[in-house]
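Novice: Just passing along the structure, written as structure tokens.
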Amino acid sequence: MQPIIKALAGVLLLAAGSAVADMPARADGHAPIGVMADHYHRRGEWMLSYRSMFMDMQGNLSGTSSISSDEIATTVPNRFFGNPGQPPTLRIVPEEMSMQMHMLGMMYAPTDSVTLMAMLNYLSNEMDHTTYQGGTGTNVLGRFRTETSGFADSSISALVRLFEREHARVHAILGLSVPLGDVNETDDILTPMGMRPTVRVPYPMQLGSGSWDPILGASYSGFGDAFGWGAQWRSTFRVADNDEGYRLGNEHRLTGWASYAFRESLSTSLRLEFIDRGDISGIDPQIAGPVQTADPARQGGTRLDLGLGVNLAGQGALAGWRAAIEYVVPVAQDLNGPQLETDSVLTIGIQRSW
Ligand SMILES: [Cu+2]
């Protein structure tokens, strides 16, 4: 038994040794775990990764100001007013939402200058609502929750090395978002008239965009002795309507980070990220109701996030393994509201390269 274990350990160490030979396994060799497509690999290297992201939203913002549920139900116009049975103001108010995304990633570098990356995502959404009675006033009729889950939009990308020196790396991100996420999800709701129909849930509860979306970006990483830093731009462009007659807004992300490595195996990071998301253009005729989430013009906005992260990089027998966590809180949000306000995003991940 013992020789077999020794032989196995030897093979693992050899594999690990070759993987880290020219790519030192510094904990800060990767960006904070909330940054996607932050690094590339050497020719012949593989990496498998699993990430889990938890996002919590609570309360509503209109622009940068909080807006109460009563205020939404009595003052915010319902864009569907005029259609049969539609009240003049919004009467269903989202109070809370939680999203959990599981992300399975694979990277492989066929050459030193190109790393291929595939990400498969699985999403679970929950949203809690308050329904106000009838067409006016602040009488609450009841509350309900909608839930959706399933495969979400996933992606394939090429990361193309543009520049590399001992202390700096730059690569381009050329990707495509693959519409694996369903845009026909349904659930039961409670209407202001007290009915409980099953309807197509509004846009934020759907699992994907329904369209093939190009992803473009560039990523820079710098390495000092104990300090590291980096910056990344990444945009998703919605270039065509989906089968339901709309397209999600473009999404632009700009982030910068700094890290400090206490040891080879442990680094901490501080990160800022600016996110800009556009409104929906077009409309799904099956999504209608006195609720903000059904309005294509109440989907976009901007957000500035601050993240604190820890990266771990295995050494010795654990070479090739990484684990990381990052906790992000928004410091500013400006939403085409009313729209649910993001409270926190937690990402944890584990990675193995060879
Ligand atoms: Cu990788």
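By convention in this document, the chains of the structure tokens carry letters A, B, ... by their order, each chain's residues are numbered from 1, and ligands are numbered from 1 in the order they are shown.
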Please return as number ranges by chain the residues found within 10 Å of ligand 1, counting only C-alpha atoms and all ligand atoms.
Specialist: A: 30, 36-42, 45-49, 105-109, 115-117, 351-354
Novice: Include N, CA and C atoms and write out the residues we just selected as a compact mmCIF listing (two decimals), in the first residue's frame.
Specialist:
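Saved result, result.txt, follows:
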```
# COMPACT_ATOMS: atom_id res chain seq x y z
N HIS A 30 -3.59 35.31 -8.82
CA HIS A 30 -4.93 35.47 -9.37
C HIS A 30 -5.57 36.71 -8.76
N MET A 36 -13.76 37.64 -13.10
CA MET A 36 -13.73 36.51 -14.03
C MET A 36 -12.67 36.75 -15.10
N ALA A 37 -12.11 35.69 -15.63
CA ALA A 37 -11.18 35.78 -16.76
C ALA A 37 -9.99 36.70 -16.46
N ASP A 38 -9.45 36.59 -15.25
CA ASP A 38 -8.41 37.50 -14.80
C ASP A 38 -7.00 37.05 -15.14
N HIS A 39 -6.85 35.78 -15.55
CA HIS A 39 -5.48 35.27 -15.80
C HIS A 39 -5.51 34.29 -16.96
N TYR A 40 -4.33 34.04 -17.51
CA TYR A 40 -4.24 33.02 -18.56
C TYR A 40 -3.25 31.96 -18.12
N HIS A 41 -3.07 30.95 -18.94
CA HIS A 41 -2.23 29.83 -18.55
C HIS A 41 -1.10 29.61 -19.55
N ARG A 42 -0.15 28.76 -19.13
CA ARG A 42 0.94 28.33 -20.00
C ARG A 42 0.44 27.21 -20.90
N GLU A 45 -1.44 23.75 -20.00
CA GLU A 45 -2.03 23.76 -18.65
C GLU A 45 -3.55 23.69 -18.71
N TRP A 46 -4.11 23.04 -17.70
CA TRP A 46 -5.55 22.96 -17.52
C TRP A 46 -5.91 23.57 -16.18
N MET A 47 -7.13 24.07 -16.08
CA MET A 47 -7.63 24.46 -14.76
C MET A 47 -9.11 24.15 -14.67
N LEU A 48 -9.51 23.62 -13.53
CA LEU A 48 -10.94 23.43 -13.24
C LEU A 48 -11.27 24.34 -12.07
N SER A 49 -12.43 24.96 -12.11
CA SER A 49 -12.78 25.80 -10.97
C SER A 49 -14.27 25.70 -10.66
N GLY A 105 -16.07 26.15 -14.03
CA GLY A 105 -15.22 26.71 -15.07
C GLY A 105 -14.13 25.75 -15.50
N MET A 106 -13.76 25.84 -16.79
CA MET A 106 -12.66 25.04 -17.27
C MET A 106 -11.77 25.93 -18.12
N MET A 107 -10.45 25.82 -17.92
CA MET A 107 -9.51 26.58 -18.74
C MET A 107 -8.50 25.61 -19.33
N TYR A 108 -8.09 25.90 -20.56
CA TYR A 108 -7.05 25.11 -21.19
C TYR A 108 -6.27 26.02 -22.15
N ALA A 109 -4.95 25.90 -22.11
CA ALA A 109 -4.12 26.75 -22.96
C ALA A 109 -3.49 25.90 -24.07
N THR A 115 -5.49 31.18 -24.10
CA THR A 115 -6.13 30.28 -23.13
C THR A 115 -7.62 30.24 -23.44
N LEU A 116 -8.17 29.03 -23.54
CA LEU A 116 -9.61 28.89 -23.78
C LEU A 116 -10.31 28.69 -22.45
N MET A 117 -11.50 29.29 -22.34
CA MET A 117 -12.21 29.20 -21.08
C MET A 117 -13.69 28.92 -21.35
N GLN A 351 -10.10 26.21 -6.98
CA GLN A 351 -9.52 26.02 -8.31
C GLN A 351 -8.40 24.99 -8.25
N ARG A 352 -8.27 24.26 -9.32
CA ARG A 352 -7.19 23.28 -9.40
C ARG A 352 -6.57 23.37 -10.79
N SER A 353 -5.28 23.60 -10.86
CA SER A 353 -4.64 23.62 -12.18
C SER A 353 -3.56 22.56 -12.24
N TRP A 354 -3.28 22.10 -13.45
CA TRP A 354 -2.21 21.10 -13.63
C TRP A 354 -1.64 21.20 -15.02
```
Novice: Please report, as a PyMOL selection string, each residue of stretch 28-63 of chain A to which DSSP assigns strand (DSSP E) when run on this structure's backbone.
Specialist: chain A and resi 46-63
Novice: Those residues with N, CA and C atoms, as a compact mmCIF listing (two decimals), in the first residue's frame please?
Specialist:
```txt
# COMPACT_ATOMS: atom_id res chain seq x y z
N TRP A 46 -4.11 23.04 -17.70
CA TRP A 46 -5.55 22.96 -17.52
C TRP A 46 -5.91 23.57 -16.18
N MET A 47 -7.13 24.07 -16.08
CA MET A 47 -7.63 24.46 -14.76
C MET A 47 -9.11 24.15 -14.67
N LEU A 48 -9.51 23.62 -13.53
CA LEU A 48 -10.94 23.43 -13.24
C LEU A 48 -11.27 24.34 -12.07
N SER A 49 -12.43 24.96 -12.11
CA SER A 49 -12.78 25.80 -10.97
C SER A 49 -14.27 25.70 -10.66
N TYR A 50 -14.58 25.92 -9.41
CA TYR A 50 -15.97 26.00 -8.99
C TYR A 50 -16.14 27.25 -8.14
N ARG A 51 -17.11 28.05 -8.52
CA ARG A 51 -17.41 29.25 -7.73
C ARG A 51 -18.86 29.20 -7.31
N SER A 52 -19.13 29.81 -6.17
CA SER A 52 -20.51 29.99 -5.75
C SER A 52 -20.68 31.46 -5.39
N MET A 53 -21.73 32.08 -5.94
CA MET A 53 -21.95 33.50 -5.68
C MET A 53 -23.32 33.69 -5.04
N PHE A 54 -23.37 34.41 -3.94
CA PHE A 54 -24.62 34.69 -3.24
C PHE A 54 -24.85 36.20 -3.27
N MET A 55 -26.01 36.58 -3.78
CA MET A 55 -26.29 38.01 -3.86
C MET A 55 -27.59 38.29 -3.11
N ASP A 56 -27.57 39.31 -2.26
CA ASP A 56 -28.76 39.68 -1.50
C ASP A 56 -29.20 41.09 -1.83
N MET A 57 -30.49 41.23 -2.04
CA MET A 57 -31.06 42.55 -2.34
C MET A 57 -32.23 42.77 -1.40
N GLN A 58 -32.34 44.00 -0.89
CA GLN A 58 -33.45 44.31 0.01
C GLN A 58 -33.78 45.78 -0.08
N GLY A 59 -35.06 46.13 -0.11
CA GLY A 59 -35.49 47.52 -0.18
C GLY A 59 -35.34 48.06 -1.59
N ASN A 60 -35.99 49.18 -1.85
CA ASN A 60 -35.97 49.74 -3.21
C ASN A 60 -35.34 51.12 -3.27
N LEU A 61 -34.69 51.37 -4.40
CA LEU A 61 -34.12 52.68 -4.69
C LEU A 61 -34.77 53.22 -5.95
N SER A 62 -34.96 54.56 -5.94
CA SER A 62 -35.34 55.23 -7.16
C SER A 62 -34.26 56.27 -7.37
N GLY A 63 -33.45 56.10 -8.40
CA GLY A 63 -32.24 56.92 -8.51
C GLY A 63 -31.31 56.50 -7.39
```
Novice: Would you please work out which residue, of A:Ser65, A:Val310, A:Arg143, A:Arg196, is nearest to A:Asn336 when using only C-alpha atoms?
Specialist: A:Ser65
Novice: For A:Ala324, which of A:Asp187, A:Asp28, A:Asp284, A:Glu164 is the closest residue, counting only C-alpha atoms?
Specialist: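 So, comparing all the options, the nearest one is A:Asp28.
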Novice: Suppose you want the space between atom CA of A:Gly289 and atom CA of A:Ser124; what is it in Å?
Specialist: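 Those two atoms sit 22.7 Å apart.
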Novice: Tell me, as a VMD selection string, which residues lie within 6 Å of stretch 215-232 of chain A, counting only C-alpha atoms; anything in the same chain fewer than 2 positions away does not count.
Specialist: chain A and resid 167 to 176 234 to 236 254 to 261
Novice: Store the residues picked out above, limited to C-alpha atoms, as a short mmCIF file (atom, residue, chain, number, x, y, z; two decimals), in the first residue's frame.
Specialist:
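Writing the result to result.cif gives the following:
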```cif
data_model
loop_
_atom_site.label_atom_id
_atom_site.label_comp_id
_atom_site.auth_asym_id
_atom_site.auth_seq_id
_atom_site.Cartn_x
_atom_site.Cartn_y
_atom_site.Cartn_z
CA HIS A 167 6.02 42.18 -13.25
CA ALA A 168 3.10 42.75 -15.60
CA ARG A 169 0.66 40.86 -17.78
CA VAL A 170 -2.05 42.07 -20.11
CA HIS A 171 -4.57 39.99 -22.03
CA ALA A 172 -7.67 40.52 -24.12
CA ILE A 173 -10.98 38.81 -23.39
CA LEU A 174 -12.98 37.69 -26.44
CA GLY A 175 -16.05 35.77 -25.42
CA LEU A 176 -19.57 34.76 -26.23
CA ARG A 234 -15.35 43.58 -19.38
CA SER A 235 -18.51 44.32 -21.36
CA THR A 236 -21.41 42.16 -22.51
CA LEU A 254 -14.64 48.27 -14.80
CA THR A 255 -12.68 47.07 -11.80
CA GLY A 256 -9.34 47.71 -10.12
CA TRP A 257 -7.73 45.94 -7.17
CA ALA A 258 -4.71 45.92 -4.91
CA SER A 259 -3.47 42.96 -2.93
CA TYR A 260 -0.97 42.29 -0.21
CA ALA A 261 0.67 38.87 0.19
#
```
Novice: Could you pull out the residues in stretch 58-298 of chain A that DSSP calls helix (DSSP H, G or I) from the backbone, as an MDAnalysis selection string?
Specialist: chainID A and resid 69:75 203:205 292:294
Novice: Limited to N, CA and C atoms, could you put the picked residues into a file as a short mmCIF file (atom, residue, chain, number, x, y, z; two decimals), in the first residue's frame?
Specialist:
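Contents of the output file selection_28.cif:
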```cif
data_model
loop_
_atom_site.label_atom_id
_atom_site.label_comp_id
_atom_site.auth_asym_id
_atom_site.auth_seq_id
_atom_site.Cartn_x
_atom_site.Cartn_y
_atom_site.Cartn_z
N SER A 69 -42.33 50.98 0.16
CA SER A 69 -43.31 50.18 -0.58
C SER A 69 -44.62 50.95 -0.73
N ASP A 70 -45.06 51.62 0.35
CA ASP A 70 -46.31 52.40 0.28
C ASP A 70 -46.21 53.49 -0.78
N GLU A 71 -45.05 54.13 -0.83
CA GLU A 71 -44.84 55.20 -1.81
C GLU A 71 -44.91 54.64 -3.23
N ILE A 72 -44.27 53.48 -3.44
CA ILE A 72 -44.29 52.86 -4.77
C ILE A 72 -45.74 52.55 -5.17
N ALA A 73 -46.50 52.00 -4.21
CA ALA A 73 -47.87 51.54 -4.51
C ALA A 73 -48.84 52.70 -4.74
N THR A 74 -48.49 53.90 -4.29
CA THR A 74 -49.44 55.02 -4.43
C THR A 74 -48.96 56.09 -5.40
N THR A 75 -47.65 56.11 -5.73
CA THR A 75 -47.17 57.23 -6.57
C THR A 75 -46.51 56.82 -7.89
N TYR A 203 -38.63 40.06 -15.84
CA TYR A 203 -37.24 39.93 -16.35
C TYR A 203 -36.19 39.53 -15.31
N PRO A 204 -36.14 40.19 -14.13
CA PRO A 204 -35.03 39.85 -13.21
C PRO A 204 -35.11 38.42 -12.67
N MET A 205 -36.28 37.78 -12.80
CA MET A 205 -36.43 36.41 -12.30
C MET A 205 -36.16 35.38 -13.40
N GLN A 292 -42.83 46.85 -10.83
CA GLN A 292 -41.67 47.52 -11.44
C GLN A 292 -40.83 46.57 -12.30
N THR A 293 -40.73 45.30 -11.88
CA THR A 293 -39.86 44.34 -12.57
C THR A 293 -40.37 43.97 -13.96
N ALA A 294 -41.67 44.30 -14.25
CA ALA A 294 -42.24 44.00 -15.57
C ALA A 294 -42.02 45.15 -16.54
#
```
Novice: To one decimal place in Å, what is the distance between atom CA of A:Gly309 and atom CA of A:Ser269?
Specialist: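 Interatomic distance, atom CA of A:Gly309 to atom CA of A:Ser269: 4.8 Å.
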Novice: Just checking: using only C-alpha atoms, which residue out of A:Glu166, A:Asp243, A:Asp182, A:Glu96 ends up closest to A:Thr148?
Specialist: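 That would be A:Asp182, the residue with the smallest distance to A:Thr148.
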Novice: Ranking A:Arg91, A:Ile33, A:Asn250, A:Leu141 by minimum distance to A:Arg79 and counting only C-alpha atoms, which one comes first?
Specialist: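 The answer is A:Arg91, which sits nearest to A:Arg79.
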Novice: So that I can see what lies close to A:Ala152, please list as a list in words the residues with an atom at most 10 Å from it, counting only C-alpha atoms and leaving out residues fewer than 5 positions away in the same chain.
Specialist: Met101, His102, Met103, Leu120, Asn121, Tyr122, Leu123, Ser124, Val178, Pro179, Leu180, Gly181, Asp182, Val183, Gln206, Leu207, Gly208, Ser209 and Gly210 of chain A
Novice: Determine the nearest neighbour of A:Arg263 from the options A:Pro290, A:Gly249, A:Gly314, A:Pro88, counting only C-alpha atoms.
Specialist: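 Closest to A:Arg263, using only C-alpha atoms: A:Gly314.
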Novice: Counting only C-alpha atoms, which of A:Leu90, A:Ala288, A:Ala317, A:Leu190 gets nearest to A:Val76?
Specialist: A:Leu90
Novice: At what distance in Å, to one decimal, does atom CA of A:Leu318 lie from atom CA of A:Pro32?
Specialist: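 These atoms are spaced 19.9 Å apart.
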